[in-house]
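Enquirer: File name input_7.txt; file contents compact mmCIF, C-alpha atoms; full text below.
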```txt
# COMPACT_ATOMS: atom_id res chain seq x y z
CA MET A 1 33.73 26.78 28.63
CA PRO A 2 32.38 26.51 25.06
CA VAL A 3 33.58 23.56 22.98
CA SER A 4 35.64 24.55 19.95
CA LEU A 5 34.45 23.51 16.51
CA PRO A 6 36.35 20.39 15.33
CA PRO A 7 38.12 21.02 12.00
CA ALA A 8 36.41 18.05 10.29
CA LEU A 9 33.01 19.37 11.34
CA GLU A 10 33.90 22.86 10.16
CA ILE A 11 34.66 21.66 6.63
CA SER A 12 31.35 19.77 6.54
CA LEU A 13 29.03 22.57 7.67
CA ASP A 14 27.91 23.33 4.12
CA LEU A 15 26.38 19.82 3.96
CA LEU A 16 24.19 20.26 7.02
CA ARG A 17 20.69 21.69 7.30
CA CYS A 18 18.76 22.47 10.46
CA PRO A 19 16.81 19.29 11.33
CA THR A 20 14.00 21.33 12.85
CA CYS A 21 13.19 23.79 10.06
CA ARG A 22 14.78 21.65 7.32
CA THR A 23 15.99 24.52 5.14
CA HIS A 24 18.45 26.72 7.02
CA ARG A 25 22.17 26.15 7.11
CA LEU A 26 23.88 25.74 10.46
CA HIS A 27 26.59 28.06 11.74
CA PRO A 28 28.92 27.73 14.75
CA GLY A 29 28.52 29.96 17.76
CA ARG A 30 29.37 29.66 21.47
CA GLY A 31 30.09 25.95 21.41
CA ALA A 32 27.01 25.01 19.40
CA LEU A 33 25.56 24.91 15.90
CA ARG A 34 22.79 27.42 15.29
CA CYS A 35 20.35 28.22 12.51
CA PRO A 36 18.92 31.67 11.68
CA ALA A 37 15.53 30.64 13.11
CA GLY A 38 17.09 30.20 16.56
CA HIS A 39 17.40 26.42 16.77
CA THR A 40 20.53 25.33 18.63
CA PHE A 41 22.42 22.03 18.68
CA ASP A 42 25.26 21.16 21.00
CA ILE A 43 28.75 20.15 19.97
CA ALA A 44 29.87 17.44 22.38
CA ARG A 45 33.27 17.71 24.00
CA HIS A 46 34.08 14.41 22.26
CA GLY A 47 33.83 16.17 18.89
CA TYR A 48 30.49 15.18 17.39
CA ALA A 49 27.42 17.36 16.82
CA GLY A 50 24.14 16.37 18.48
CA LEU A 51 21.47 17.18 15.90
CA LEU A 52 19.00 14.55 17.03
CA THR A 53 15.86 15.83 18.73
CA GLY A 54 12.90 13.98 20.25
CA THR A 55 12.66 10.24 20.80
CA ARG A 56 15.10 7.98 19.02
CA ALA A 57 13.71 5.16 16.89
CA THR A 58 16.81 3.10 17.71
CA SER A 59 19.19 3.29 20.63
CA GLY A 60 22.29 2.27 18.69
CA ASP A 61 25.30 0.60 20.25
CA ASP A 62 25.57 0.91 24.01
CA ALA A 63 28.95 1.45 25.69
CA ALA A 64 29.76 -2.26 25.98
CA MET A 65 28.90 -2.90 22.32
CA ALA A 66 31.01 0.04 21.15
CA ARG A 67 33.99 -1.08 23.24
CA ALA A 68 33.71 -4.60 21.84
CA ARG A 69 33.51 -3.22 18.30
CA ASP A 70 36.58 -1.03 18.84
CA ARG A 71 38.56 -3.97 20.21
CA PHE A 72 37.54 -6.37 17.47
CA LEU A 73 38.06 -3.99 14.56
CA SER A 74 41.49 -3.05 15.91
CA THR A 75 42.62 -6.65 15.33
CA GLY A 76 42.39 -6.17 11.56
CA THR A 77 40.12 -9.19 11.11
CA TYR A 78 37.73 -7.13 8.97
CA ALA A 79 40.51 -5.31 7.08
CA PRO A 80 39.84 -7.19 3.79
CA LEU A 81 36.21 -6.11 4.02
CA ARG A 82 37.19 -2.51 4.69
CA LYS A 83 39.50 -2.58 1.66
CA ALA A 84 36.69 -3.87 -0.57
CA VAL A 85 34.34 -1.12 0.66
CA ALA A 86 36.99 1.54 0.08
CA ARG A 87 37.79 0.25 -3.40
CA LEU A 88 34.17 0.21 -4.58
CA ALA A 89 33.51 3.59 -2.99
CA ALA A 90 36.55 5.14 -4.64
CA ASP A 91 36.10 3.60 -8.10
CA THR A 92 33.91 6.39 -9.45
CA ALA A 93 34.37 9.07 -6.80
CA PRO A 94 35.94 12.42 -7.70
CA GLU A 95 39.17 13.54 -6.07
CA GLN A 96 37.37 15.97 -3.73
CA ALA A 97 34.58 13.55 -2.84
CA THR A 98 32.05 13.90 -0.05
CA VAL A 99 31.39 10.58 1.70
CA VAL A 100 28.40 10.09 4.01
CA ASP A 101 28.41 6.98 6.21
CA VAL A 102 24.89 6.15 7.43
CA GLY A 103 24.92 4.14 10.64
CA CYS A 104 28.67 4.77 10.82
CA GLY A 105 29.29 3.12 14.19
CA THR A 106 32.85 3.81 15.26
CA GLY A 107 33.81 5.19 11.83
CA TYR A 108 36.01 2.24 10.84
CA TYR A 109 34.77 1.93 7.25
CA LEU A 110 34.47 5.68 6.68
CA ALA A 111 38.11 6.07 7.73
CA GLY A 112 39.09 3.37 5.24
CA VAL A 113 37.39 5.22 2.38
CA LEU A 114 38.93 8.55 3.35
CA THR A 115 42.39 6.97 3.48
CA ARG A 116 41.80 5.68 -0.05
CA LEU A 117 40.64 9.15 -1.19
CA PRO A 118 43.20 11.69 0.14
CA GLY A 119 41.17 14.68 -1.04
CA ALA A 120 37.81 13.53 0.32
CA ARG A 121 35.86 14.57 3.40
CA GLY A 122 33.50 12.37 5.39
CA LEU A 123 30.44 12.65 7.59
CA GLY A 124 29.16 9.83 9.78
CA LEU A 125 25.59 9.58 11.10
CA ASP A 126 24.66 7.35 14.03
CA THR A 127 22.38 7.29 17.07
CA SER A 128 24.95 5.80 19.45
CA VAL A 129 26.63 8.47 21.54
CA ARG A 130 29.34 6.03 22.55
CA ALA A 131 30.09 5.00 18.95
CA LEU A 132 30.12 8.65 17.83
CA ARG A 133 32.93 9.39 20.27
CA SER A 134 35.09 6.99 18.29
CA ALA A 135 33.74 8.09 14.91
CA ALA A 136 34.67 11.72 15.63
CA ARG A 137 38.29 10.57 16.10
CA ALA A 138 38.38 7.92 13.37
CA HIS A 139 39.99 10.17 10.75
CA ASP A 140 41.09 13.79 10.61
CA ARG A 141 38.71 14.43 7.69
CA ALA A 142 35.72 12.65 9.24
CA ALA A 143 33.00 14.56 11.11
CA ALA A 144 30.33 12.81 13.16
CA VAL A 145 26.72 13.74 13.85
CA ALA A 146 24.10 12.16 16.11
CA TRP A 147 21.14 11.26 13.91
CA ASP A 148 18.45 8.60 13.51
CA VAL A 149 18.83 7.09 10.03
CA PHE A 150 15.10 6.35 9.78
CA ARG A 151 14.33 10.06 9.72
CA PRO A 152 14.98 12.53 6.88
CA PHE A 153 18.71 13.28 7.05
CA PRO A 154 19.85 16.75 8.21
CA LEU A 155 21.62 17.18 4.88
CA ALA A 156 21.06 19.27 1.75
CA ASP A 157 19.96 17.62 -1.50
CA GLY A 158 22.59 16.10 -3.78
CA VAL A 159 25.66 16.74 -1.63
CA ALA A 160 27.19 13.26 -1.43
CA ASP A 161 29.39 11.49 -3.96
CA VAL A 162 29.31 8.29 -1.90
CA VAL A 163 26.86 7.00 0.68
CA LEU A 164 28.01 4.03 2.77
CA ASP A 165 25.63 1.63 4.48
CA VAL A 166 27.67 -1.09 6.22
CA PHE A 167 25.68 -3.54 8.36
CA ALA A 168 23.29 -0.65 9.03
CA PRO A 169 19.59 0.19 8.62
CA ARG A 170 18.62 1.58 5.23
CA ASN A 171 16.63 4.62 4.18
CA PRO A 172 16.50 4.40 0.35
CA THR A 173 14.51 7.61 -0.14
CA GLU A 174 17.07 9.64 1.77
CA PHE A 175 20.02 7.85 0.22
CA HIS A 176 18.71 8.90 -3.19
CA ARG A 177 17.94 12.47 -2.12
CA VAL A 178 21.39 13.25 -0.73
CA LEU A 179 23.38 11.52 -3.47
CA ARG A 180 24.47 13.36 -6.59
CA PRO A 181 23.16 11.83 -9.84
CA THR A 182 26.69 10.57 -10.52
CA GLY A 183 27.14 9.24 -6.98
CA ARG A 184 27.31 5.71 -5.61
CA LEU A 185 25.59 3.94 -2.75
CA VAL A 186 27.72 1.14 -1.24
CA VAL A 187 25.77 -1.42 0.78
CA VAL A 188 27.34 -4.22 2.84
CA ARG A 189 25.26 -7.06 4.25
CA PRO A 190 26.01 -10.58 5.51
CA THR A 191 25.37 -13.80 3.61
CA GLY A 192 23.96 -16.88 5.30
CA GLN A 193 27.51 -18.11 5.91
CA HIS A 194 28.62 -15.06 7.86
CA LEU A 195 29.83 -16.10 11.34
CA ALA A 196 28.10 -19.44 10.83
CA GLU A 197 30.41 -21.12 13.37
CA LEU A 198 29.21 -18.78 16.10
CA ARG A 199 25.55 -19.05 15.21
CA ASP A 200 25.72 -22.84 15.00
CA ARG A 201 26.98 -23.03 18.57
CA MET A 202 24.84 -20.23 19.96
CA PRO A 203 21.23 -20.59 18.74
CA ALA A 204 20.27 -17.45 20.69
CA MET A 205 22.28 -15.30 18.28
CA VAL A 206 20.30 -13.22 15.82
CA THR A 207 19.81 -15.23 12.61
CA ILE A 208 20.19 -13.95 9.07
CA ASP A 209 16.85 -13.85 7.28
CA PRO A 210 17.03 -16.00 4.11
CA ALA A 211 14.82 -13.42 2.38
CA LYS A 212 17.19 -10.56 3.26
CA GLU A 213 18.48 -10.16 -0.31
CA GLN A 214 14.98 -10.08 -1.79
CA ARG A 215 13.87 -7.45 0.72
CA LEU A 216 16.97 -5.36 0.01
CA HIS A 217 16.34 -5.41 -3.73
CA ARG A 218 12.66 -4.57 -3.32
CA ALA A 219 13.52 -1.59 -1.12
CA LEU A 220 16.29 -0.20 -3.32
CA ASP A 221 14.99 -1.01 -6.81
CA PRO A 222 12.74 2.09 -7.19
CA PHE A 223 15.74 4.34 -6.50
CA PHE A 224 18.91 2.47 -7.51
CA GLU A 225 20.35 -0.10 -9.88
CA ALA A 226 23.27 -2.34 -8.97
CA ALA A 227 26.51 -1.49 -10.77
CA VAL A 228 28.79 -4.14 -9.28
CA THR A 229 28.61 -6.73 -6.50
CA GLU A 230 31.53 -8.47 -4.82
CA GLN A 231 31.42 -11.31 -2.32
CA VAL A 232 34.07 -11.07 0.36
CA GLN A 233 34.55 -14.41 2.09
CA TYR A 234 37.40 -15.82 4.14
CA THR A 235 38.00 -17.81 7.31
CA VAL A 236 40.03 -16.46 10.21
CA PRO A 237 41.31 -17.87 13.50
CA LEU A 238 39.60 -16.42 16.56
CA THR A 239 40.91 -16.01 20.06
CA ARG A 240 38.43 -16.36 22.90
CA GLN A 241 38.33 -12.56 23.32
CA GLU A 242 37.74 -12.02 19.60
CA ALA A 243 34.87 -14.51 19.59
CA LEU A 244 33.35 -12.80 22.64
CA ASP A 245 33.71 -9.40 21.01
CA LEU A 246 32.08 -10.64 17.80
CA VAL A 247 29.00 -11.56 19.81
CA ALA A 248 29.13 -8.47 22.02
CA MET A 249 29.42 -5.95 19.16
CA THR A 250 26.17 -7.06 17.48
CA PRO A 251 22.48 -7.04 18.49
CA SER A 252 23.01 -10.69 19.46
CA ALA A 253 24.60 -9.37 22.65
CA ARG A 254 21.08 -8.63 23.89
CA HIS A 255 19.98 -12.25 23.37
CA VAL A 256 22.91 -14.47 24.33
CA SER A 257 23.08 -15.33 28.03
CA ARG A 258 26.12 -14.81 30.24
CA ALA A 259 26.17 -18.56 30.85
CA ASP A 260 26.60 -19.19 27.13
CA LEU A 261 29.41 -16.66 26.92
CA ALA A 262 31.16 -18.25 29.92
CA ASP A 263 31.04 -21.70 28.30
CA GLU A 264 34.34 -21.94 26.43
CA GLY A 265 33.04 -24.95 24.52
CA LEU A 266 30.51 -22.73 22.75
CA LEU A 267 33.12 -20.33 21.40
CA PRO A 268 34.67 -21.47 18.09
CA ASP A 269 38.36 -21.00 17.37
CA ARG A 270 37.65 -20.04 13.75
CA GLY A 271 35.07 -17.89 12.00
CA THR A 272 33.85 -17.31 8.47
CA VAL A 273 33.51 -13.74 7.23
CA SER A 274 31.04 -13.75 4.34
CA VAL A 275 29.43 -10.58 3.06
CA LEU A 276 28.16 -9.01 -0.14
CA VAL A 277 29.32 -5.53 -1.10
CA THR A 278 27.29 -3.80 -3.80
CA ALA A 279 27.83 -0.40 -5.41
CA TYR A 280 24.54 1.06 -6.68
CA ARG A 281 24.00 3.99 -9.04
CA PRO A 282 20.95 6.25 -8.63
CA ARG A 283 18.12 5.87 -11.12
```
Would you mind giving the structure from this file in structure tokens?
Expert:
Amino acid sequence: MPVSLPPALEISLDLLRCPTCRTHRLHPGRGALRCPAGHTFDIARHGYAGLLTGTRATSGDDAAMARARDRFLSTGTYAPLRKAVARLAADTAPEQATVVDVGCGTGYYLAGVLTRLPGARGLGLDTSVRALRSAARAHDRAAAVAWDVFRPFPLADGVADVVLDVFAPRNPTEFHRVLRPTGRLVVVRPTGQHLAELRDRMPAMVTIDPAKEQRLHRALDPFFEAAVTEQVQYTVPLTRQEALDLVAMTPSARHVSRADLADEGLLPDRGTVSVLVTAYRPR
């Protein structure tokens, strides 16, 4: 039985372009999205569109990582961060804004922006099938599409008022192409203090490159200039499950051993959230 077109995806179809021929718009038909040249892309029963073809450059979150992320974000521990992202995204956005979340994960931050902007619509891009299942349900105005953010986006030029990049890979050329001249790019990345308590006790966790800021600025500078930067930093108590989920929802999950995770002495009862949130304007 063909899958019906989710309402959030229907209102976002004008943004999409066929990823194979790069120019044609996509139209719904018999449970799929189709272009006039005959290219067809499935709509998953979970509500997202599978536009990705060929080999993926990244695998994205696996099922265990996505479950851990859902559990952790549902605690509200990152709510102050989500509010900061939503505020900076909404500051200059029009009432009927289009928000594109690149590397959207489960759609947590995109949903926060859409709640802040009642007239906006959102589109999340991610490679993780498991995360996209959550992203497609994150908000009634948020559509989700399977896509590799390192490739040219399956989007028309200049369609986005806001592009979000929260703890995700960056593609500055494409960010600039899909943003309107008056749009904003909002980038979130960790400081060296982020989750320091966990990293101090678990050396196998992925470290934060001290040159991360310099590399970010070098990559973005040809296309964007920073309009405003906020540091969001606070300390929160952590239950054992929350500490486990914090490890499990990140790439560190692939490096930390089960023995380390079973050692309660290695899991801190507090954690520092420390990130930089910057809104950039296109050059």
Enquirer: Nearest to Arg121 in chain A among A:Glu197, A:Leu9, A:Ala66, A:Leu246, with distances taken over only C-alpha atoms: which residue is it?
Expert: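 Of the candidates, the smallest distance to Arg121 in chain A is held by A:Leu9.
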Enquirer: Just give me the residues with any atom within 10 Å of (19.0, 26.0, 11.3), file coordinates, counting only C-alpha atoms, written as a PyMOL selection string.
Expert: chain A and resi 16-27+33-41+154
Enquirer: Do you know which residues are at most 10 Å from Phe223 in chain A counting only C-alpha atoms, after dropping those on the same chain fewer than 2 positions away, and could you put them as a list in words?
Expert: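 Listed by chain and then number, they are Pro172, Thr173, Glu174, Phe175, His176, Arg177, Arg218, Ala219, Leu220, Asp221, Glu225, Tyr280, Arg281, Pro282 and Arg283 of chain A.
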Enquirer: Quick one: residues within 12 Å of Glu213 in chain A, all atoms listed in the file, excluding same-chain residues fewer than 5 positions away - as a list in words?
Expert: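 Answer for this query is Val187, Val188, Arg189, Pro190, Thr191, Gly192, Ile208, Arg218, Ala219, Leu220, Asp221, Val275, Leu276, Val277 and Thr278 of chain A.
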Enquirer: Contacts of Leu198 in chain A at 9 Å or less, counting all atoms listed in the file, minus same-chain residues fewer than 6 places along, as a ChimeraX atom specification?
Expert: /A:205,243,246-247,266-268,270-271
Enquirer: Would you mind telling me which residue in A:Ala44, A:Val149, A:Ala64, A:Ala111 lies nearest to Ala253 in chain A when using all atoms listed in the file?
Expert: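 For Ala253 in chain A, the nearest of the given residues is A:Ala64.
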Enquirer: I need the residue nearest Ala89 in chain A from this list: A:Gly183, A:Gly119, A:Pro169, A:Pro7. Use only C-alpha atoms for the distance.
Expert: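 Nearest to Ala89 in chain A: A:Gly183.
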Enquirer: Between A:Ala248, A:Leu81, A:Ala146, A:Val232, which is the closest to Asp42 in chain A once you count only C-alpha atoms?
Expert: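 Using only C-alpha atoms, Asp42 in chain A sits closest to A:Ala146.
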Enquirer: Using all atoms listed in the file, can you tell me which of A:Val102, A:Val206, A:Val162, A:Ala156 comes closest to Leu132 in chain A?
Expert: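 Of A:Val102, A:Val206, A:Val162, A:Ala156, the one nearest Leu132 in chain A, counting all atoms listed in the file, is A:Val102.
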Enquirer: Just to confirm, what's the straight-line distance from CA of Thr127 in chain A to CA of Tyr48 in chain A in Å (one decimal)?
Expert: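 Going from CA of Thr127 in chain A over to CA of Tyr48 in chain A covers 11.3 Å.
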Enquirer: To one decimal place, how far is CA of Ala168 in chain A from CA of Val186 in chain A in Å?
Expert: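 About the pair CA of Ala168 in chain A and CA of Val186 in chain A: they are 11.3 Å apart.
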Enquirer: Distance CA of Gly47 in chain A-CA of Ala93 in chain A, one decimal place?
Expert: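 Computed distance, CA of Gly47 in chain A to CA of Ala93 in chain A, equals 26.7 Å.
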Enquirer: Counting all atoms listed in the file, figure out which residue out of A:Met249, A:Leu155, A:Ala97, A:Ala143 gets nearest to His46 in chain A.
Expert: A:Ala143
Enquirer: Rebuild N, CA and C atoms on range 128-158 of chain A, as a PDB file, in the coordinates of the input?
Expert:
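out_33.pdb, freshly written:
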```pdb
ATOM      1  N   SER A 128      24.214   6.203  18.249  1.00  0.00           N
ATOM      2  CA  SER A 128      24.950   5.800  19.450  1.00  0.00           C
ATOM      3  C   SER A 128      25.958   6.864  19.867  1.00  0.00           C
ATOM      4  N   VAL A 129      25.715   7.462  21.015  1.00  0.00           N
ATOM      5  CA  VAL A 129      26.630   8.470  21.540  1.00  0.00           C
ATOM      6  C   VAL A 129      28.013   7.876  21.748  1.00  0.00           C
ATOM      7  N   ARG A 130      28.056   6.654  22.276  1.00  0.00           N
ATOM      8  CA  ARG A 130      29.340   6.030  22.550  1.00  0.00           C
ATOM      9  C   ARG A 130      30.115   5.742  21.257  1.00  0.00           C
ATOM     10  N   ALA A 131      29.419   5.263  20.228  1.00  0.00           N
ATOM     11  CA  ALA A 131      30.090   5.000  18.950  1.00  0.00           C
ATOM     12  C   ALA A 131      30.554   6.305  18.310  1.00  0.00           C
ATOM     13  N   LEU A 132      29.764   7.367  18.435  1.00  0.00           N
ATOM     14  CA  LEU A 132      30.120   8.650  17.830  1.00  0.00           C
ATOM     15  C   LEU A 132      31.404   9.231  18.423  1.00  0.00           C
ATOM     16  N   ARG A 133      31.674   8.924  19.673  1.00  0.00           N
ATOM     17  CA  ARG A 133      32.930   9.390  20.270  1.00  0.00           C
ATOM     18  C   ARG A 133      34.119   8.844  19.500  1.00  0.00           C
ATOM     19  N   SER A 134      34.018   7.592  19.091  1.00  0.00           N
ATOM     20  CA  SER A 134      35.090   6.990  18.290  1.00  0.00           C
ATOM     21  C   SER A 134      35.057   7.506  16.860  1.00  0.00           C
ATOM     22  N   ALA A 135      33.856   7.640  16.291  1.00  0.00           N
ATOM     23  CA  ALA A 135      33.740   8.090  14.910  1.00  0.00           C
ATOM     24  C   ALA A 135      34.320   9.486  14.721  1.00  0.00           C
ATOM     25  N   ALA A 136      34.158  10.348  15.724  1.00  0.00           N
ATOM     26  CA  ALA A 136      34.670  11.720  15.630  1.00  0.00           C
ATOM     27  C   ALA A 136      36.197  11.757  15.643  1.00  0.00           C
ATOM     28  N   ARG A 137      36.814  10.644  16.074  1.00  0.00           N
ATOM     29  CA  ARG A 137      38.290  10.570  16.100  1.00  0.00           C
ATOM     30  C   ARG A 137      38.827   9.583  15.063  1.00  0.00           C
ATOM     31  N   ALA A 138      37.955   9.005  14.257  1.00  0.00           N
ATOM     32  CA  ALA A 138      38.380   7.920  13.370  1.00  0.00           C
ATOM     33  C   ALA A 138      39.316   8.393  12.262  1.00  0.00           C
ATOM     34  N   HIS A 139      39.150   9.644  11.832  1.00  0.00           N
ATOM     35  CA  HIS A 139      39.990  10.170  10.750  1.00  0.00           C
ATOM     36  C   HIS A 139      39.945  11.689  10.828  1.00  0.00           C
ATOM     37  N   ASP A 140      41.043  12.332  10.461  1.00  0.00           N
ATOM     38  CA  ASP A 140      41.090  13.790  10.610  1.00  0.00           C
ATOM     39  C   ASP A 140      40.204  14.530   9.620  1.00  0.00           C
ATOM     40  N   ARG A 141      39.649  13.809   8.621  1.00  0.00           N
ATOM     41  CA  ARG A 141      38.710  14.430   7.690  1.00  0.00           C
ATOM     42  C   ARG A 141      37.295  13.877   7.856  1.00  0.00           C
ATOM     43  N   ALA A 142      37.039  13.231   8.994  1.00  0.00           N
ATOM     44  CA  ALA A 142      35.720  12.650   9.240  1.00  0.00           C
ATOM     45  C   ALA A 142      35.015  13.376  10.380  1.00  0.00           C
ATOM     46  N   ALA A 143      33.861  13.952  10.088  1.00  0.00           N
ATOM     47  CA  ALA A 143      33.000  14.560  11.110  1.00  0.00           C
ATOM     48  C   ALA A 143      31.937  13.548  11.508  1.00  0.00           C
ATOM     49  N   ALA A 144      31.344  13.746  12.669  1.00  0.00           N
ATOM     50  CA  ALA A 144      30.330  12.810  13.160  1.00  0.00           C
ATOM     51  C   ALA A 144      29.146  13.584  13.720  1.00  0.00           C
ATOM     52  N   VAL A 145      27.956  13.069  13.451  1.00  0.00           N
ATOM     53  CA  VAL A 145      26.720  13.740  13.850  1.00  0.00           C
ATOM     54  C   VAL A 145      25.753  12.705  14.420  1.00  0.00           C
ATOM     55  N   ALA A 146      25.126  13.030  15.536  1.00  0.00           N
ATOM     56  CA  ALA A 146      24.100  12.160  16.110  1.00  0.00           C
ATOM     57  C   ALA A 146      22.816  12.321  15.311  1.00  0.00           C
ATOM     58  N   TRP A 147      22.359  11.203  14.705  1.00  0.00           N
ATOM     59  CA  TRP A 147      21.140  11.260  13.910  1.00  0.00           C
ATOM     60  C   TRP A 147      20.530   9.880  13.783  1.00  0.00           C
ATOM     61  N   ASP A 148      19.197   9.835  13.688  1.00  0.00           N
ATOM     62  CA  ASP A 148      18.450   8.600  13.510  1.00  0.00           C
ATOM     63  C   ASP A 148      18.259   8.369  12.006  1.00  0.00           C
ATOM     64  N   VAL A 149      18.815   7.287  11.482  1.00  0.00           N
ATOM     65  CA  VAL A 149      18.830   7.090  10.030  1.00  0.00           C
ATOM     66  C   VAL A 149      17.446   6.822   9.447  1.00  0.00           C
ATOM     67  N   PHE A 150      16.453   6.562  10.294  1.00  0.00           N
ATOM     68  CA  PHE A 150      15.100   6.350   9.780  1.00  0.00           C
ATOM     69  C   PHE A 150      14.372   7.662   9.509  1.00  0.00           C
ATOM     70  N   ARG A 151      14.935   8.764   9.966  1.00  0.00           N
ATOM     71  CA  ARG A 151      14.330  10.060   9.720  1.00  0.00           C
ATOM     72  C   ARG A 151      14.983  10.737   8.514  1.00  0.00           C
ATOM     73  N   PRO A 152      14.324  11.750   7.934  1.00  0.00           N
ATOM     74  CA  PRO A 152      14.980  12.530   6.880  1.00  0.00           C
ATOM     75  C   PRO A 152      16.313  13.091   7.378  1.00  0.00           C
ATOM     76  N   PHE A 153      17.368  12.891   6.608  1.00  0.00           N
ATOM     77  CA  PHE A 153      18.710  13.280   7.050  1.00  0.00           C
ATOM     78  C   PHE A 153      18.832  14.807   7.152  1.00  0.00           C
ATOM     79  N   PRO A 154      19.626  15.300   8.091  1.00  0.00           N
ATOM     80  CA  PRO A 154      19.850  16.750   8.210  1.00  0.00           C
ATOM     81  C   PRO A 154      20.896  17.232   7.210  1.00  0.00           C
ATOM     82  N   LEU A 155      20.665  16.874   5.941  1.00  0.00           N
ATOM     83  CA  LEU A 155      21.620  17.180   4.880  1.00  0.00           C
ATOM     84  C   LEU A 155      20.892  17.820   3.703  1.00  0.00           C
ATOM     85  N   ALA A 156      21.615  18.658   2.969  1.00  0.00           N
ATOM     86  CA  ALA A 156      21.060  19.270   1.750  1.00  0.00           C
ATOM     87  C   ALA A 156      20.923  18.223   0.654  1.00  0.00           C
ATOM     88  N   ASP A 157      20.144  18.530  -0.357  1.00  0.00           N
ATOM     89  CA  ASP A 157      19.960  17.620  -1.500  1.00  0.00           C
ATOM     90  C   ASP A 157      21.256  17.509  -2.301  1.00  0.00           C
ATOM     91  N   GLY A 158      21.542  16.303  -2.801  1.00  0.00           N
ATOM     92  CA  GLY A 158      22.590  16.100  -3.780  1.00  0.00           C
ATOM     93  C   GLY A 158      23.988  16.533  -3.367  1.00  0.00           C
TER      94      GLY A 158
END
```
